[in-house]
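**Student:** Please see the structure below; I have some questions.
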Amino acid sequence: MSLASPSKAGALWKGKEKATDDAYDDLTPVITYRHILSQSLGVKDPLRVVALCDSDAFYAACEQVRLGLDPNVPMVVQQWEALIAVNYPARKFGISRMDRVKDAKKRCPELIAVHVATYKEGQKEPGYWDDVDSHTHKVSLDYYRRESMKIINMFKENLPGGEIEKASIDEAFIDFTRPVREKILERYPYLAEVPHDAPNGIDSPLPPPPPISWNAIGFLVPVTPSESAGNEGEELLRGEDDDSTTWHDVALSIAAELMDQIRKEVHTKLGYTTSAGISRNKFLAKLCASYKKPNSQSILRNTAIPNYLRPLPFQKIRFLGGKLGDALAKEYDVSTVGDLLTISLEEMQRKFGENSIWVYELLRGIDRSEVKEKSAMFKSMLASKNLPKPITNPSEGHHWLRVLAAELALRLKDSREASPNLWPKTIVLHARKGYETARSKQASFPFVRDITVDVISAIADKLWKEVTGDAKSVYVTNVQLAFTNIEATEAGQQSIEGFFRSKGSIHQILKRNHEEGDSTEGQSLGSGSKPRSKSSDPPNDDSSVSFVCGRCGKRVVLPDKGEQSDEDGGAEARQAGVLAVLRMEHDDFHFAQDLAKSSGADISSSKGSSPSRATKRRKKQVEPKGIAKFFRKK
Ligand code: DCP
Ligand code: MG
């Protein structure tokens with residue numbers, strides 16, 4: 001029986017009639033030749049198919065691969081005394097992330113516990129040490145990040161033309177719509193031509209779909225869950241003799257075949273098992289990815305959506321887990337998705353604002369968000385350490401800054417393997433006391449090819465001095481070092497570098513910068529990008545060596561030509577390149593200030609922006625309205 005049939009839907013669905021009919025109308029869209037032949041229907045495509053693929057017990061699997069361990073051996077990854085990943089054999093002993101290592105070993109004496117890699121001072125690379133201690137070491141997830149990238153790259157290699165969006169360290173959304181459409185046309189070539197006798201031409205419905213064998217391509221989420229509860233074999237076969245098969249089901253089944261091949265490839269070549277959910281949109285794909293784990297995939301057909309969603313406790317849904325979920329539960333005294341379906345859109349919008357249409361739709365399995373590959377390039381990189389023993393003497397800062405610098409150096413090195421020209425234009429230091437607003441200082445990062453631990457920590461030390469000032473004692477519980485505005489410099493890179501090389505070593509740059517004054521205004525350390533400040537300086541109107549900022553009105557001028565090295569010729573190109581960098585740098589300074597204002601972070605300028613000023617600024621911010629207030633940062 002199909003819930004998709006409107007007449008039957010009313011009988012099974014206990015929500016208000018209007019909501020039910022409206023909500024599920026599109027589960028059985030009429031698919032026409034126009035749909036199969038169109039290339040760009042986007043999120044409205046009735047043949048849309050999206051998958052979410054999640055690695056099983058990911059960090060544990062990474063360690064198992066690294067150490068060449070038998071995947072059937074119970075194993076966990078620990079961070080200090082806590083568990084951060086538990087493999088499936090260990091889960092059979094009832095071990096979960098909630099356990100401490102000691103208790104887990106009581107449950108399973110043969111358990112292998114691997115400590116996550118850590119950075120330790122003096123080491124350029126993270127490692128697996130015997131003497132790990134949260135007081136001196138910092139956790140490193142770099143190895144997991146790299147393995148994660150290998151998996152994503154394998155997805156990409158195996159799915160040319162499919163859109164892939166990395167969703168977390170071990171999850172990715174894959175939009176199969178385009179490759180699936182190609183496969184449908186390849187397998188059923190008669191769909192490529194609109195028949196002469198088609199009643200509505202290209203808008204005529206497609207002929208009935210072929211039968212589908214769901215066997216061996218995944219678990220089908222059952223249309224009527226109670227009938228097959230506890231019987232997996234039955235679920236596997238369900239749908240085969242279902243007369244409600246649609247062209248969307250054909251699309252799902254082809255996506256499932258492709259997903260299955262990719263997952264097998266990842267397993268054979270990289271050693272990782274994964275689980276996937278396949279459905280009509282991102283929300284549903286994510287929801288059904290954990291339907292059966294590990295090493296399996298689940299398919300949620302349109303016809304199975306209503307009964308799958310209805311009994312779910314809505315607060316378990318990702319976006320409805322927080323304040324908004326609490327407010328909905330309190331307002332209506334209900335707990336399941338089905339309960340909330342009785343709330344009309346008008347009622348919801350009256351109580352939760354216009355934008356709550358998004359919640360209304362989510363409860364009905366509608367999600368219009370696109371699968372979009374995020375820029376491969378990171379705009380920022382942050383290394384952070386919560387200090388179990390707070391820093392009280394400013395001199396203790398150096399140890400942690402070196403540790404954080406080592407992490408940033410390694411992450412940048414990794415990223416430069418894919419994009420060799422990456423350059424972090426700004427470096428920011430945040431030091432925090434408890435939950436108070438962080439004290440922050442930033443500086444432009446010098447253009448040097450070898451961004452080593454020494455280079456980074458020398459600048460970080462300088463920022464630390466600016467943050468701590470003359471204080472004899474401090475109280476810092478969290479320290480963070482970040483590269484922001486990371487960009488790939490392309491034009492004129494060689495010449496720009498030649499220019500900076502002529503300015504001397506990082507220590508000379510720092511020293512000179514120190515002599516020149518403050519480094520927190522987004523000026524390049526030693527780049528000479530300092531806006532002219534002395535009114536006695538003659539204005540330089542030559543646009544080949546200066547520009548006027550449209551925002552602050554300052555003229556930013558290249559340093560004297562005499563200072564530039566002309567050893568390799570091409571002075572003009574070099575000059576244009578350097579000016580372009582200065583312009584970007586200056587724009588970024590304004591951008592960072594805007595960001596600081598909007599996020600409430602205290603990124604100070606040299607003119608001094610005390611925490612109290614920052615607080616005042618935040619107080620002036622307008623209170624969010626409607627649904628936004630449920631998503632406010634704490
Ligand atoms: N992770 C973590 N702390 C958490 C949740 C996750 O450190 N509270 C890390 C360890 C996990 C990885 O992120 O291995 C991926 O998270 P998942 O939620 O996908 O968990 P697993 O991959 O470990 O298990 P599953 O098989 O359930 O996906
Ligand atoms: Mg996982």
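Ligands are numbered from 1 in the order shown, chains are lettered A, B, ... in the order of the structure tokens, and residues start at 1 in each chain.
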Give as a PyMOL selection string the residues surrounding ligand 1 up to a distance of 10 Å, considering only C-alpha atoms and all ligand atoms.
**Tutor:** chain A and resi 53-62+76-79+82-88+96-98+116+141+144+168-171+273-275+289-290+293-295
**Student:** For a quick check of understanding, using only C-alpha atoms, which of A:Glu121, A:Glu265, A:Asp175, A:Asp249 has the smallest distance to Ser457 (chain A)?
**Tutor:** A:Glu121
**Student:** Rounded to one decimal in Å, what is the spacing between CA of Leu206 (chain A) and CA of Gln261 (chain A)?
**Tutor:** 28.2 Å
**Student:** To one decimal place, how far is CA of Val476 (chain A) from CA of Trp423 (chain A) in Å?
**Tutor:**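 Atom-to-atom, CA of Val476 (chain A) to CA of Trp423 (chain A), that is 29.2 Å.
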**Student:** So which bits of region 258-501 of chain A end up strand (DSSP E) when you DSSP the backbone, as a VMD selection string?
**Tutor:** chain A and resid 274 to 279 297 to 299 381 to 391 422 to 432 439 to 444 476 to 488
**Student:** Identify which of the residues A:Lys389, A:Arg432, A:Lys286, A:Arg181 lies closest to Val250 (chain A), counting only C-alpha atoms when measuring atom-to-atom distances.
**Tutor:**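 When distances to Val250 (chain A) are compared using only C-alpha atoms, the smallest one comes from A:Arg181.
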**Student:** Could you please determine the separation between CA of Pro388 (chain A) and CA of Lys106 (chain A) in Å, to one decimal place?
**Tutor:**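 CA of Pro388 (chain A) sits 26.9 Å away from CA of Lys106 (chain A).
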**Student:** Select from region 239-290 of chain A everything DSSP, run on the backbone, classes as alpha helix (DSSP H), then give the selection as a ChimeraX atom specification.
**Tutor:** /A:247-270,282-289
**Student:** Excluding same-chain residues fewer than 5 positions from region 152-164 of chain A, what lies within 10 Å of it counting only C-alpha atoms, as a short mmCIF file (atom, residue, chain, number, x, y, z; two decimals) with all heavy atoms, in the first residue's frame?
**Tutor:**
```cif
data_model
loop_
_atom_site.label_atom_id
_atom_site.label_comp_id
_atom_site.auth_asym_id
_atom_site.auth_seq_id
_atom_site.Cartn_x
_atom_site.Cartn_y
_atom_site.Cartn_z
N VAL A 50 19.91 12.67 -3.43
CA VAL A 50 21.05 13.13 -2.63
C VAL A 50 21.45 12.02 -1.66
O VAL A 50 20.60 11.31 -1.13
CB VAL A 50 20.65 14.41 -1.83
CG1 VAL A 50 21.76 14.84 -0.89
CG2 VAL A 50 20.29 15.55 -2.78
N ALA A 51 22.75 11.88 -1.44
CA ALA A 51 23.22 10.91 -0.45
C ALA A 51 24.07 11.60 0.59
O ALA A 51 24.67 12.65 0.33
CB ALA A 51 24.04 9.82 -1.14
N LEU A 52 24.07 11.04 1.78
CA LEU A 52 25.00 11.48 2.82
C LEU A 52 25.82 10.26 3.19
O LEU A 52 25.26 9.22 3.54
CB LEU A 52 24.23 12.01 4.03
CG LEU A 52 24.94 12.59 5.27
CD1 LEU A 52 25.44 11.56 6.24
CD2 LEU A 52 26.08 13.56 4.92
N CYS A 53 27.13 10.37 3.05
CA CYS A 53 27.99 9.22 3.35
C CYS A 53 28.84 9.55 4.58
O CYS A 53 29.51 10.58 4.61
CB CYS A 53 28.87 8.92 2.14
SG CYS A 53 29.77 7.39 2.33
N ARG A 146 43.63 14.53 7.06
CA ARG A 146 44.24 14.06 5.81
C ARG A 146 43.51 12.84 5.28
O ARG A 146 43.25 12.73 4.08
CB ARG A 146 45.70 13.69 6.04
CG ARG A 146 46.59 14.88 5.95
CD ARG A 146 48.02 14.43 6.13
NE ARG A 146 48.70 15.38 6.96
CZ ARG A 146 49.65 15.08 7.84
NH1 ARG A 146 50.04 13.85 7.98
NH2 ARG A 146 50.19 16.02 8.54
N GLU A 147 43.20 11.90 6.16
CA GLU A 147 42.49 10.70 5.73
C GLU A 147 41.11 11.08 5.18
O GLU A 147 40.65 10.53 4.19
CB GLU A 147 42.35 9.70 6.89
CG GLU A 147 43.67 9.11 7.35
CD GLU A 147 44.42 8.35 6.24
OE1 GLU A 147 43.99 7.24 5.87
OE2 GLU A 147 45.42 8.90 5.75
N ILE A 169 34.11 16.19 9.38
CA ILE A 169 35.38 15.48 9.15
C ILE A 169 35.14 14.09 8.55
O ILE A 169 35.99 13.58 7.83
CB ILE A 169 36.22 15.40 10.45
CG1 ILE A 169 37.66 15.01 10.14
CG2 ILE A 169 35.61 14.43 11.47
CD1 ILE A 169 38.69 15.45 11.13
N ASP A 170 33.98 13.51 8.77
CA ASP A 170 33.79 12.17 8.19
C ASP A 170 32.48 12.02 7.41
O ASP A 170 32.02 10.91 7.20
CB ASP A 170 33.92 11.08 9.27
CG ASP A 170 32.69 10.93 10.13
OD1 ASP A 170 31.94 11.92 10.28
OD2 ASP A 170 32.46 9.82 10.65
N GLU A 171 31.91 13.14 7.00
CA GLU A 171 30.65 13.05 6.25
C GLU A 171 30.70 13.92 5.00
O GLU A 171 31.28 15.00 5.04
CB GLU A 171 29.49 13.64 7.07
CG GLU A 171 29.08 12.92 8.29
CD GLU A 171 28.08 13.80 9.03
OE1 GLU A 171 28.40 14.97 9.33
OE2 GLU A 171 26.97 13.32 9.28
N ALA A 172 30.01 13.47 3.98
CA ALA A 172 29.88 14.31 2.78
C ALA A 172 28.52 14.08 2.15
O ALA A 172 27.99 12.95 2.18
CB ALA A 172 30.97 13.99 1.78
N PHE A 173 27.94 15.16 1.64
CA PHE A 173 26.73 15.04 0.84
C PHE A 173 27.14 14.87 -0.62
O PHE A 173 28.10 15.51 -1.07
CB PHE A 173 25.87 16.30 0.95
CG PHE A 173 25.16 16.44 2.26
CD1 PHE A 173 25.56 17.36 3.21
CD2 PHE A 173 24.06 15.62 2.54
CE1 PHE A 173 24.90 17.48 4.42
CE2 PHE A 173 23.38 15.73 3.75
CZ PHE A 173 23.81 16.66 4.68
N ILE A 174 26.43 14.04 -1.32
CA ILE A 174 26.70 13.86 -2.75
C ILE A 174 25.39 14.07 -3.49
O ILE A 174 24.38 13.44 -3.16
CB ILE A 174 27.23 12.43 -3.03
CG1 ILE A 174 28.46 12.15 -2.17
CG2 ILE A 174 27.53 12.25 -4.51
CD1 ILE A 174 28.94 10.72 -2.24
N ASP A 175 25.41 14.96 -4.47
CA ASP A 175 24.23 15.14 -5.30
C ASP A 175 24.38 14.24 -6.52
O ASP A 175 25.21 14.49 -7.39
CB ASP A 175 24.08 16.61 -5.71
CG ASP A 175 22.70 16.88 -6.29
OD1 ASP A 175 22.12 15.93 -6.86
OD2 ASP A 175 22.21 18.00 -6.15
N PHE A 176 23.56 13.19 -6.55
CA PHE A 176 23.66 12.22 -7.64
C PHE A 176 22.75 12.58 -8.83
O PHE A 176 22.68 11.83 -9.79
CB PHE A 176 23.24 10.82 -7.14
CG PHE A 176 24.34 10.08 -6.41
CD1 PHE A 176 24.33 9.96 -5.03
CD2 PHE A 176 25.37 9.49 -7.12
CE1 PHE A 176 25.33 9.26 -4.38
CE2 PHE A 176 26.37 8.78 -6.48
CZ PHE A 176 26.35 8.67 -5.10
N THR A 177 22.00 13.67 -8.71
CA THR A 177 20.96 13.93 -9.70
C THR A 177 21.47 13.87 -11.14
O THR A 177 20.90 13.20 -11.99
CB THR A 177 20.31 15.31 -9.43
OG1 THR A 177 20.05 15.41 -8.03
CG2 THR A 177 19.02 15.48 -10.20
N ARG A 178 22.57 14.57 -11.39
CA ARG A 178 23.07 14.66 -12.77
C ARG A 178 23.60 13.30 -13.28
O ARG A 178 23.14 12.83 -14.32
CB ARG A 178 24.16 15.73 -12.84
CG ARG A 178 24.47 16.20 -14.22
CD ARG A 178 25.53 17.29 -14.14
NE ARG A 178 24.95 18.56 -13.78
CZ ARG A 178 24.71 19.52 -14.66
NH1 ARG A 178 24.99 19.32 -15.93
NH2 ARG A 178 24.21 20.67 -14.30
N PRO A 179 24.52 12.65 -12.56
CA PRO A 179 24.98 11.34 -13.06
C PRO A 179 23.86 10.32 -13.18
O PRO A 179 23.88 9.49 -14.10
CB PRO A 179 26.03 10.89 -12.03
CG PRO A 179 26.04 11.89 -10.94
CD PRO A 179 25.29 13.09 -11.38
N VAL A 180 22.89 10.40 -12.28
CA VAL A 180 21.78 9.44 -12.35
C VAL A 180 20.94 9.68 -13.60
O VAL A 180 20.55 8.75 -14.31
CB VAL A 180 20.91 9.52 -11.06
CG1 VAL A 180 19.52 8.94 -11.30
CG2 VAL A 180 21.59 8.80 -9.91
N LEU A 258 25.52 3.44 -7.59
CA LEU A 258 26.75 4.25 -7.69
C LEU A 258 27.39 4.44 -6.31
O LEU A 258 28.60 4.32 -6.14
CB LEU A 258 26.43 5.63 -8.31
CG LEU A 258 25.92 5.62 -9.75
CD1 LEU A 258 25.46 7.02 -10.16
CD2 LEU A 258 27.01 5.13 -10.70
N MET A 259 26.53 4.71 -5.34
CA MET A 259 27.04 4.91 -3.97
C MET A 259 27.72 3.64 -3.47
O MET A 259 28.79 3.70 -2.84
CB MET A 259 25.87 5.29 -3.05
CG MET A 259 26.24 5.70 -1.64
SD MET A 259 26.94 7.36 -1.53
CE MET A 259 28.66 7.02 -1.23
N GLN A 261 29.18 1.32 -5.21
CA GLN A 261 30.49 1.13 -5.87
C GLN A 261 31.55 2.03 -5.22
O GLN A 261 32.66 1.61 -4.96
CB GLN A 261 30.41 1.49 -7.35
CG GLN A 261 29.72 0.43 -8.20
CD GLN A 261 29.28 1.00 -9.55
OE1 GLN A 261 29.70 2.09 -9.95
NE2 GLN A 261 28.42 0.27 -10.24
N ILE A 262 31.16 3.28 -4.97
CA ILE A 262 32.12 4.22 -4.39
C ILE A 262 32.53 3.76 -2.98
O ILE A 262 33.70 3.77 -2.62
CB ILE A 262 31.53 5.65 -4.34
CG1 ILE A 262 31.23 6.14 -5.75
CG2 ILE A 262 32.47 6.61 -3.63
CD1 ILE A 262 30.48 7.46 -5.81
N ARG A 263 31.54 3.32 -2.21
CA ARG A 263 31.84 2.88 -0.84
C ARG A 263 32.77 1.67 -0.86
O ARG A 263 33.67 1.54 -0.04
CB ARG A 263 30.54 2.58 -0.08
CG ARG A 263 29.74 3.86 0.23
CD ARG A 263 28.46 3.58 1.03
NE ARG A 263 28.68 2.57 2.02
CZ ARG A 263 28.15 1.34 1.97
NH1 ARG A 263 27.33 1.00 1.00
NH2 ARG A 263 28.43 0.47 2.91
N GLU A 265 34.94 0.98 -3.17
CA GLU A 265 36.25 1.49 -3.59
C GLU A 265 37.00 2.09 -2.39
O GLU A 265 38.19 1.82 -2.18
CB GLU A 265 36.02 2.56 -4.67
CG GLU A 265 37.24 3.17 -5.26
CD GLU A 265 37.70 2.47 -6.53
OE1 GLU A 265 37.17 1.39 -6.83
OE2 GLU A 265 38.61 3.01 -7.17
N VAL A 266 36.29 2.88 -1.61
CA VAL A 266 36.91 3.49 -0.42
C VAL A 266 37.37 2.40 0.54
O VAL A 266 38.46 2.46 1.12
CB VAL A 266 35.90 4.46 0.27
CG1 VAL A 266 36.39 4.88 1.65
CG2 VAL A 266 35.66 5.68 -0.60
N LYS A 269 40.44 0.39 -1.25
CA LYS A 269 41.68 1.13 -1.47
C LYS A 269 42.19 1.85 -0.21
O LYS A 269 43.38 2.00 -0.03
CB LYS A 269 41.49 2.18 -2.58
CG LYS A 269 41.13 1.55 -3.91
CD LYS A 269 41.92 2.19 -5.04
CE LYS A 269 41.81 1.42 -6.33
NZ LYS A 269 41.10 2.15 -7.38
N LEU A 270 41.26 2.32 0.63
CA LEU A 270 41.72 3.09 1.79
C LEU A 270 41.50 2.36 3.12
O LEU A 270 42.06 2.75 4.14
CB LEU A 270 41.01 4.45 1.83
CG LEU A 270 41.20 5.37 0.61
CD1 LEU A 270 40.34 6.61 0.73
CD2 LEU A 270 42.67 5.77 0.47
N GLU A 370 20.86 23.31 -1.21
CA GLU A 370 21.65 22.70 -2.28
C GLU A 370 22.85 21.95 -1.73
O GLU A 370 23.36 22.28 -0.67
CB GLU A 370 22.24 23.81 -3.16
CG GLU A 370 21.29 24.41 -4.15
CD GLU A 370 22.00 25.50 -4.92
OE1 GLU A 370 22.73 25.18 -5.86
OE2 GLU A 370 21.83 26.67 -4.56
N VAL A 371 23.31 20.97 -2.50
CA VAL A 371 24.60 20.34 -2.20
C VAL A 371 25.62 21.19 -2.92
O VAL A 371 25.60 21.28 -4.15
CB VAL A 371 24.64 18.89 -2.72
CG1 VAL A 371 26.02 18.29 -2.51
CG2 VAL A 371 23.57 18.05 -2.04
N LYS A 372 26.43 21.86 -2.18
CA LYS A 372 27.36 22.81 -2.81
C LYS A 372 28.76 22.59 -2.30
O LYS A 372 28.99 22.64 -1.09
CB LYS A 372 26.94 24.25 -2.47
CG LYS A 372 26.21 24.92 -3.59
CD LYS A 372 26.76 26.24 -4.00
CE LYS A 372 26.67 26.77 -5.38
NZ LYS A 372 26.54 25.97 -6.50
N GLU A 373 29.65 22.35 -3.20
CA GLU A 373 31.04 22.17 -2.78
C GLU A 373 31.55 23.48 -2.21
O GLU A 373 31.46 24.52 -2.84
CB GLU A 373 31.90 21.75 -3.97
CG GLU A 373 33.33 21.55 -3.54
CD GLU A 373 34.20 20.96 -4.64
OE1 GLU A 373 33.69 20.68 -5.72
OE2 GLU A 373 35.40 20.80 -4.37
N LYS A 374 32.04 23.40 -0.97
CA LYS A 374 32.59 24.61 -0.37
C LYS A 374 33.95 24.83 -1.02
O LYS A 374 34.60 23.90 -1.46
CB LYS A 374 32.74 24.43 1.13
CG LYS A 374 31.42 23.99 1.76
CD LYS A 374 31.14 24.72 3.04
CE LYS A 374 29.74 24.41 3.55
NZ LYS A 374 29.65 23.14 4.24
#
```
**Student:** Excluding Glu257 (chain A) and its own-chain neighbours fewer than 6 positions away, which residues fall within 12 Å of it when counting only C-alpha atoms? Please give them as a list of chain:residue names.
**Tutor:**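 Near Glu257 (chain A), the qualifying residues are A:Ala51, A:Phe176, A:Pro179, A:Val180, A:Lys183, A:Ile212, A:Ser213, A:Trp214, A:Asn215, A:Ala216, A:Ile217, A:Gly218, A:Val250, A:Ala251, A:Arg263, A:Lys264, A:Ala276, A:Ile278, A:Gln297, A:Ser298, A:Ile299.
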